[in-house]
$ cat work_36.cif   # mmCIF, C-alpha atoms and all ligand atoms
data_start
#
loop_
_atom_site.label_atom_id
_atom_site.label_comp_id
_atom_site.auth_asym_id
_atom_site.auth_seq_id
_atom_site.Cartn_x
_atom_site.Cartn_y
_atom_site.Cartn_z
CA MET A 1 -18.45 19.75 5.36
CA GLN A 2 -21.86 18.17 5.70
CA PRO A 3 -23.10 17.33 9.25
CA PHE A 4 -22.57 13.76 10.43
CA THR A 5 -23.28 11.62 13.47
CA TYR A 6 -20.30 10.49 15.50
CA VAL A 7 -20.44 7.16 17.37
CA ARG A 8 -17.70 5.46 19.37
CA ALA A 9 -17.43 1.67 18.92
CA SER A 10 -16.96 -0.33 22.10
CA ASN A 11 -16.03 -3.57 20.29
CA VAL A 12 -15.38 -4.94 16.82
CA GLY A 13 -18.98 -6.22 16.56
CA ASP A 14 -20.28 -2.67 17.04
CA ALA A 15 -18.01 -1.41 14.31
CA VAL A 16 -19.06 -4.14 11.86
CA LYS A 17 -22.75 -3.45 12.53
CA ALA A 18 -22.32 0.26 11.92
CA LEU A 19 -20.19 -0.38 8.85
CA SER A 20 -22.89 -2.67 7.42
CA ARG A 21 -25.38 0.18 7.79
CA GLY A 22 -23.23 2.56 5.75
CA ALA A 23 -21.12 4.26 8.45
CA LYS A 24 -17.50 5.13 7.72
CA LEU A 25 -14.76 3.86 10.02
CA LEU A 26 -12.63 6.46 11.78
CA ALA A 27 -9.14 5.26 12.64
CA GLY A 28 -6.29 7.80 12.34
CA GLY A 29 -8.54 10.05 10.25
CA THR A 30 -5.68 11.13 8.01
CA THR A 31 -7.49 10.04 4.84
CA LEU A 32 -11.14 10.31 5.86
CA TYR A 33 -11.07 13.90 7.14
CA ASP A 34 -9.03 14.96 4.16
CA LEU A 35 -11.58 13.55 1.72
CA MET A 36 -14.49 14.95 3.73
CA LYS A 37 -13.04 18.44 3.49
CA LEU A 38 -12.76 17.95 -0.27
CA ARG A 39 -16.42 16.74 -0.27
CA ILE A 40 -15.40 13.48 -1.88
CA GLU A 41 -16.47 11.50 1.19
CA ARG A 42 -19.81 12.65 2.65
CA PRO A 43 -20.64 10.17 5.42
CA GLU A 44 -23.80 10.62 7.44
CA ARG A 45 -22.38 8.47 10.25
CA ILE A 46 -18.85 7.92 11.51
CA ILE A 47 -17.89 5.07 13.80
CA ASP A 48 -14.73 5.74 15.79
CA ILE A 49 -12.69 2.56 16.40
CA ASN A 50 -9.74 4.23 18.12
CA HIS A 51 -10.63 2.79 21.53
CA LEU A 52 -10.47 -0.84 20.45
CA GLY A 53 -7.26 -1.75 22.28
CA GLU A 54 -7.24 -5.27 20.82
CA LEU A 55 -6.49 -3.78 17.38
CA LYS A 56 -3.55 -1.65 18.54
CA HIS A 57 -1.04 -4.34 19.47
CA PHE A 58 1.71 -5.64 17.27
CA ASP A 59 4.29 -8.36 17.83
CA THR A 60 7.41 -8.85 15.72
CA SER A 61 8.95 -11.56 17.96
CA GLY A 62 6.93 -14.60 16.84
CA GLU A 63 8.68 -17.66 15.42
CA ARG A 64 6.14 -18.19 12.64
CA GLU A 65 4.73 -14.78 11.84
CA LEU A 66 4.78 -11.06 12.57
CA VAL A 67 1.37 -9.80 13.69
CA PHE A 68 0.14 -6.22 13.44
CA GLY A 69 -3.21 -4.97 14.71
CA ALA A 70 -4.95 -2.79 12.14
CA LEU A 71 -4.89 0.17 14.55
CA ALA A 72 -1.14 0.04 15.25
CA ARG A 73 0.30 3.46 14.37
CA MET A 74 2.74 3.72 11.49
CA SER A 75 5.44 5.54 13.48
CA GLU A 76 5.43 3.01 16.35
CA VAL A 77 5.71 0.05 14.00
CA ALA A 78 8.39 1.72 11.87
CA ALA A 79 10.57 2.25 14.96
CA ASP A 80 10.27 -1.31 16.26
CA ALA A 81 13.83 -2.56 16.80
CA GLY A 82 13.06 -6.12 15.69
CA LEU A 83 11.49 -4.90 12.47
CA VAL A 84 14.34 -2.50 11.73
CA ARG A 85 16.86 -5.34 12.20
CA ASP A 86 15.03 -8.28 10.60
CA TYR A 87 12.68 -6.69 8.04
CA PRO A 88 14.20 -3.35 7.03
CA ALA A 89 12.03 -3.14 3.89
CA ILE A 90 8.89 -3.04 6.02
CA SER A 91 10.25 -0.48 8.46
CA GLU A 92 11.61 1.68 5.62
CA SER A 93 8.31 1.57 3.72
CA LEU A 94 6.63 3.09 6.78
CA TRP A 95 9.36 5.67 7.45
CA ARG A 96 9.27 6.91 3.86
CA ALA A 97 5.52 7.56 3.92
CA ALA A 98 3.88 10.91 4.64
CA SER A 99 5.27 13.11 7.46
CA GLN A 100 6.16 12.35 11.08
CA GLN A 101 2.92 13.97 12.28
CA LEU A 102 0.82 11.89 9.89
CA ARG A 103 2.71 8.68 10.75
CA ASN A 104 1.97 9.34 14.43
CA MET A 105 -1.76 9.43 13.68
CA ALA A 106 -2.19 7.03 10.77
CA SER A 107 -3.08 3.39 11.38
CA LEU A 108 -1.72 0.46 9.38
CA GLY A 109 -5.20 -0.61 8.27
CA GLY A 110 -6.11 2.90 7.18
CA ASN A 111 -2.84 3.23 5.34
CA LEU A 112 -3.64 0.13 3.28
CA LEU A 113 -7.07 1.49 2.38
CA GLN A 114 -5.96 5.01 1.48
CA ARG A 115 -7.41 6.30 -1.75
CA THR A 116 -5.66 7.50 -4.86
CA ARG A 117 -3.95 10.87 -5.17
CA CYS A 118 -5.13 11.27 -8.80
CA PRO A 119 -5.65 15.05 -8.98
CA TYR A 120 -8.87 14.68 -10.95
CA PHE A 121 -10.35 12.35 -8.35
CA ARG A 122 -9.44 14.77 -5.57
CA GLY A 123 -10.34 17.83 -7.62
CA GLY A 124 -14.04 17.06 -7.26
CA GLU A 125 -16.99 17.98 -9.43
CA PRO A 126 -15.34 20.03 -12.19
CA TYR A 127 -13.63 16.82 -13.35
CA ALA A 128 -15.12 13.63 -14.76
CA CYS A 129 -14.00 10.66 -12.71
CA ASN A 130 -15.24 7.09 -13.04
CA LYS A 131 -13.88 6.22 -9.62
CA ARG A 132 -15.80 9.01 -7.87
CA ASP A 133 -18.84 9.02 -10.13
CA PRO A 134 -19.09 5.73 -12.11
CA GLY A 135 -19.81 6.20 -15.80
CA SER A 136 -18.88 9.91 -15.84
CA GLY A 137 -15.60 9.47 -17.73
CA CYS A 138 -11.96 9.98 -16.85
CA ALA A 139 -10.46 13.47 -16.94
CA ALA A 140 -6.96 11.99 -16.71
CA ALA A 141 -7.39 10.31 -20.11
CA GLU A 142 -7.00 13.67 -21.83
CA GLY A 143 -5.33 15.53 -18.96
CA LEU A 144 -2.01 15.57 -17.15
CA ASP A 145 -0.73 12.02 -16.87
CA ARG A 146 2.78 12.42 -15.45
CA GLY A 147 1.74 10.67 -12.24
CA GLN A 148 -0.67 8.11 -13.69
CA ALA A 149 -0.18 4.34 -13.62
CA LEU A 150 1.88 2.48 -16.21
CA LEU A 151 0.90 -0.98 -14.97
CA GLY A 152 -2.62 -2.33 -14.46
CA ALA A 153 -4.47 0.68 -15.91
CA SER A 154 -7.64 0.42 -17.98
CA PRO A 155 -9.43 2.85 -20.32
CA SER A 156 -11.74 3.61 -17.35
CA CYS A 157 -9.02 4.58 -14.87
CA SER A 158 -5.25 4.95 -14.62
CA ALA A 159 -5.02 6.08 -10.98
CA VAL A 160 -1.95 4.91 -9.08
CA TYR A 161 -2.37 3.07 -5.80
CA PRO A 162 -0.32 5.41 -3.60
CA GLY A 163 0.71 3.39 -0.51
CA ASP A 164 4.30 2.40 0.35
CA PHE A 165 3.65 -0.13 3.12
CA ALA A 166 1.54 -2.21 0.72
CA ALA A 167 4.49 -2.75 -1.63
CA ALA A 168 6.47 -4.30 1.23
CA LEU A 169 3.52 -6.43 2.34
CA VAL A 170 2.92 -7.83 -1.11
CA ALA A 171 6.61 -8.74 -1.42
CA PHE A 172 6.49 -10.71 1.85
CA ASP A 173 3.31 -12.73 1.17
CA ALA A 174 1.34 -11.01 3.93
CA GLU A 175 -2.17 -12.05 4.84
CA ILE A 176 -4.92 -9.97 6.41
CA ASP A 177 -7.62 -11.04 8.86
CA VAL A 178 -10.95 -9.50 8.01
CA VAL A 179 -14.12 -9.42 10.13
CA GLY A 180 -17.57 -8.83 8.69
CA PRO A 181 -21.23 -9.73 9.16
CA GLY A 182 -20.43 -13.32 8.14
CA GLY A 183 -17.58 -13.74 10.66
CA GLU A 184 -13.80 -13.71 10.22
CA ARG A 185 -11.86 -14.72 7.13
CA VAL A 186 -8.26 -14.66 5.93
CA LEU A 187 -7.35 -12.89 2.73
CA PRO A 188 -3.96 -13.05 1.00
CA PHE A 189 -2.87 -9.41 0.96
CA GLU A 190 -2.20 -9.63 -2.77
CA GLU A 191 -5.96 -10.19 -3.27
CA LEU A 192 -7.08 -7.12 -1.29
CA HIS A 193 -6.71 -4.46 -4.00
CA ARG A 194 -8.38 -4.68 -7.41
CA GLU A 195 -7.22 -3.42 -10.76
CA PRO A 196 -9.72 -0.84 -12.05
CA ALA A 197 -10.92 -2.69 -15.20
CA ASP A 198 -14.35 -1.14 -15.92
CA THR A 199 -15.32 -0.71 -12.25
CA PRO A 200 -12.67 1.61 -10.77
CA GLN A 201 -15.04 2.57 -7.95
CA LYS A 202 -14.48 -0.93 -6.50
CA GLU A 203 -11.00 -0.59 -5.07
CA THR A 204 -10.81 -3.66 -2.83
CA THR A 205 -12.28 -7.12 -2.45
CA LEU A 206 -13.69 -6.33 1.01
CA GLU A 207 -17.39 -7.17 1.21
CA PRO A 208 -19.89 -4.63 2.58
CA GLY A 209 -19.50 -4.39 6.36
CA GLU A 210 -16.03 -5.98 6.44
CA MET A 211 -13.06 -4.40 8.19
CA ILE A 212 -9.39 -5.33 8.44
CA VAL A 213 -8.45 -6.32 11.99
CA ARG A 214 -4.96 -7.77 11.58
CA ILE A 215 -2.04 -8.01 9.19
CA ARG A 216 0.24 -11.05 9.38
CA ILE A 217 3.59 -11.65 7.69
CA PRO A 218 5.17 -15.11 7.64
CA VAL A 219 8.67 -15.22 9.13
CA THR A 220 11.25 -15.65 6.38
CA PRO A 221 15.05 -15.55 6.15
CA LEU A 222 14.55 -13.12 3.24
CA GLY A 223 13.69 -10.32 5.67
CA ARG A 224 17.18 -9.28 6.74
CA ALA A 225 18.51 -8.62 3.24
CA SER A 226 15.61 -6.44 2.19
CA THR A 227 15.06 -2.78 1.43
CA PHE A 228 12.41 -0.33 0.29
CA LEU A 229 13.55 2.39 -2.10
CA LYS A 230 11.27 5.31 -2.93
CA VAL A 231 11.95 7.91 -5.62
CA ARG A 232 9.87 11.08 -5.55
CA ASP A 233 9.89 14.73 -6.55
CA ARG A 234 11.12 15.82 -3.11
CA GLU A 235 12.76 13.79 -0.40
CA SER A 236 10.00 13.96 2.20
CA TYR A 237 6.22 14.13 2.36
CA ALA A 238 5.67 13.15 -1.26
CA PHE A 239 4.22 10.16 -3.03
CA ALA A 240 6.38 7.80 -5.06
CA LEU A 241 7.08 8.31 -8.73
CA ALA A 242 8.53 4.81 -8.46
CA SER A 243 9.37 2.55 -5.54
CA ALA A 244 10.63 -0.97 -5.00
CA ALA A 245 10.46 -3.42 -2.10
CA VAL A 246 12.99 -6.19 -2.63
CA ALA A 247 14.61 -9.00 -0.67
CA LEU A 248 17.35 -11.52 -1.41
CA GLU A 249 18.51 -14.77 0.09
CA MET A 250 21.96 -15.69 -1.20
CA ASP A 251 23.98 -18.90 -1.47
CA GLY A 252 27.40 -17.39 -2.02
CA ASP A 253 27.07 -15.29 -5.17
CA VAL A 254 23.99 -17.15 -6.34
CA VAL A 255 20.44 -16.03 -5.53
CA ARG A 256 18.62 -18.73 -3.58
CA ASP A 257 15.37 -16.76 -3.25
CA ALA A 258 14.17 -13.27 -4.17
CA ARG A 259 11.21 -10.96 -3.72
CA VAL A 260 10.46 -7.97 -5.93
CA ALA A 261 7.48 -5.63 -5.74
CA VAL A 262 7.03 -2.16 -7.19
CA GLY A 263 4.99 0.78 -5.97
CA GLY A 264 3.99 4.16 -7.35
CA LEU A 265 3.75 2.74 -10.86
CA ALA A 266 0.65 0.56 -10.83
CA THR A 267 -3.04 0.67 -10.01
CA ARG A 268 -2.52 -1.73 -7.09
CA PRO A 269 0.41 -3.10 -5.06
CA TRP A 270 2.42 -4.93 -7.74
CA ARG A 271 4.38 -8.12 -7.15
CA ALA A 272 6.93 -8.69 -9.93
CA ARG A 273 7.20 -12.48 -10.04
CA ALA A 274 8.85 -12.49 -13.46
CA ALA A 275 11.71 -10.49 -11.93
CA GLU A 276 12.00 -12.96 -9.05
CA ARG A 277 12.09 -15.96 -11.44
CA LEU A 278 14.83 -14.29 -13.39
CA LEU A 279 16.98 -13.82 -10.30
CA ILE A 280 16.52 -17.17 -8.54
CA GLY A 281 19.38 -19.58 -9.30
CA ARG A 282 21.40 -16.88 -11.08
CA ARG A 283 24.74 -15.38 -10.07
CA PHE A 284 23.97 -11.91 -8.78
CA ASP A 285 25.64 -8.86 -10.27
CA GLU A 286 24.50 -5.48 -11.52
CA SER A 287 23.44 -6.82 -14.91
CA ALA A 288 21.23 -9.43 -13.20
CA ALA A 289 19.70 -6.66 -11.07
CA ARG A 290 19.07 -4.54 -14.17
CA ALA A 291 17.48 -7.51 -15.98
CA ALA A 292 15.19 -8.02 -12.99
CA GLY A 293 14.25 -4.33 -13.12
CA GLU A 294 13.38 -4.65 -16.80
CA ALA A 295 11.28 -7.74 -16.07
CA ALA A 296 9.47 -5.89 -13.27
CA LEU A 297 8.44 -3.13 -15.70
CA ASP A 298 7.65 -5.51 -18.55
CA GLY A 299 4.22 -4.65 -19.93
CA ALA A 300 4.29 -1.04 -18.73
CA ILE A 301 2.23 1.17 -21.04
CA PRO A 302 3.30 4.82 -21.13
CA GLY A 303 0.95 7.76 -21.59
CA ARG A 304 1.83 11.16 -23.05
CA SER A 305 4.20 12.39 -20.35
CA ASN A 306 5.04 9.54 -17.98
CA ALA A 307 7.26 7.29 -20.14
CA PHE A 308 10.31 8.46 -18.14
CA ARG A 309 8.94 6.50 -15.18
CA ILE A 310 9.58 3.18 -16.97
CA GLU A 311 13.34 3.74 -16.90
CA LEU A 312 12.98 5.27 -13.42
CA GLY A 313 11.18 2.13 -12.25
CA ILE A 314 13.85 -0.14 -13.77
CA ARG A 315 16.62 1.83 -12.06
CA THR A 316 14.71 1.88 -8.76
CA VAL A 317 14.43 -1.92 -8.75
CA THR A 318 18.08 -2.26 -9.83
CA ASP A 319 19.36 0.05 -7.07
CA ALA A 320 17.17 -1.57 -4.44
CA LEU A 321 18.51 -5.02 -5.38
CA MET A 322 22.09 -3.77 -5.15
CA THR A 323 21.36 -2.51 -1.61
CA ALA A 324 19.71 -5.82 -0.66
CA ARG A 325 22.79 -7.66 -1.96
CA GLN A 326 25.02 -5.60 0.33
CA ARG A 327 22.81 -6.60 3.26
CA ALA A 328 22.76 -10.30 2.36
FE1 LIG B 1 -10.84 9.24 -11.81
FE2 LIG B 1 -9.25 7.17 -12.24
FE3 LIG B 1 -9.62 8.93 -14.17
FE4 LIG B 1 -8.24 9.64 -11.99
S1 LIG B 1 -7.64 8.11 -13.50
S2 LIG B 1 -9.85 10.82 -13.04
S3 LIG B 1 -9.28 8.42 -10.40
S4 LIG B 1 -11.20 7.60 -13.27
#

$ encode --input "work_36.cif" --output "structure tokens"
Amino acid sequence: MQPFTYVRASNVGDAVKALSRGAKLLAGGTTLYDLMKLRIERPERIIDINHLGELKHFDTSGERELVFGALARMSEVAADAGLVRDYPAISESLWRAASQQLRNMASLGGNLLQRTRCPYFRGGEPYACNKRDPGSGCAAAEGLDRGQALLGASPSCSAVYPGDFAAALVAFDAEIDVVGPGGERVLPFEELHREPADTPQKETTLEPGEMIVRIRIPVTPLGRASTFLKVRDRESYAFALASAAVALEMDGDVVRDARVAVGGLATRPWRARAAERLLIGRRFDESAARAAGEAALDGAIPGRSNAFRIELGIRTVTDALMTARQRA
């Protein structure tokens, strides 16, 4: 690991200044240290924001919105009784991520900004990677593609966005508050992550020096009948082969409102509005759920060895909707 300077921020302004000068933010450290050991991140300066108490609070009791500081820890938020009762999809998306030890350390903001698990990205210099080294090529294009994205990929990059929490946020129309050298602004969460197109090194729409300080979710009756379903190679401490965050609001047997997002299949958190349109106003049964799953995966482009994840994604959405219906 290359030597670096460690600085502790005493307020958000300090952190933004350091960030603007090229420092890396240290929150839970569960991504940054990992990538530093792999020599993928080589910061000369680290700014530790763990002492900024204002970013640690979260409140799920508001009448208009749920508010989460960017430094709130995943395990604390996941266990919040109000969230478990009223927004199970959000709580479940946090519980299903990583391991208990990592959830105890990892912050919500850091979780949203985690980087891809593409093995060629993490494998370092032996492998060409446009995300790590723009213009160098993409080793995954000719390599193992079982875990690569089926939605939102480009010839430059097919890396999956790996987070679970993000799938739930995108389903619930979350917004994030961002602070940077130009002040504070609000960003719809759906606009935070970019598709790779021909610049896969640009993963988010954050401007230089900007940091996430808060995540806000509007209160909605859809929360209670929601779920997050994650399918993976083993039942804990593994990334999704396919996941779904869904919510239903019912009027008898008819769907009044619906939310569908998929994870583990796309290059960014993926809201499936076509699936929602298909459900709203329709009598709900298993065939409607299956049709929504097919709509959610519409446009998926398989590679050499990941086509099985299209049907897996369809079934994941279908099963998640059946669970949400039971909760409605
Ligand atoms: Fe790099 Fe993206 Fe190709 Fe993976 S898929 S090797 S992250 S360019």

$ residues_near_ligand --input "work_36.cif" --ligand "ligand LIG 1 (chain B)" --cutoff "10 Å" --atoms "all atoms listed in the file" --output "PyMOL selection string"
chain A and resi 115-124+127-143+145+147-149+153-161+196+198-201+267

$ closest_residue --input "work_36.cif" --among "A:Gly152, A:Pro188, A:Pro43, A:Pro162" --to "Ala98 in chain A" --atoms "all atoms listed in the file"
A:Pro162

$ residues_around --input "work_36.cif" --residues "range 228-239 of chain A" --least-positions-apart "4" --cutoff "7 Å" --atoms "all atoms listed in the file" --output "PyMOL selection string"
chain A and resi 89+92-93+97-99+162+243-246+316+320

$ atom_distance --input "work_36.cif" --atom1 "CA of Thr220 in chain A" --atom2 "CA of Glu195 in chain A"
28.0 Å

$ atom_distance --input "work_36.cif" --atom1 "CA of Leu38 in chain A" --atom2 "CA of Leu102 in chain A"
18.0 Å
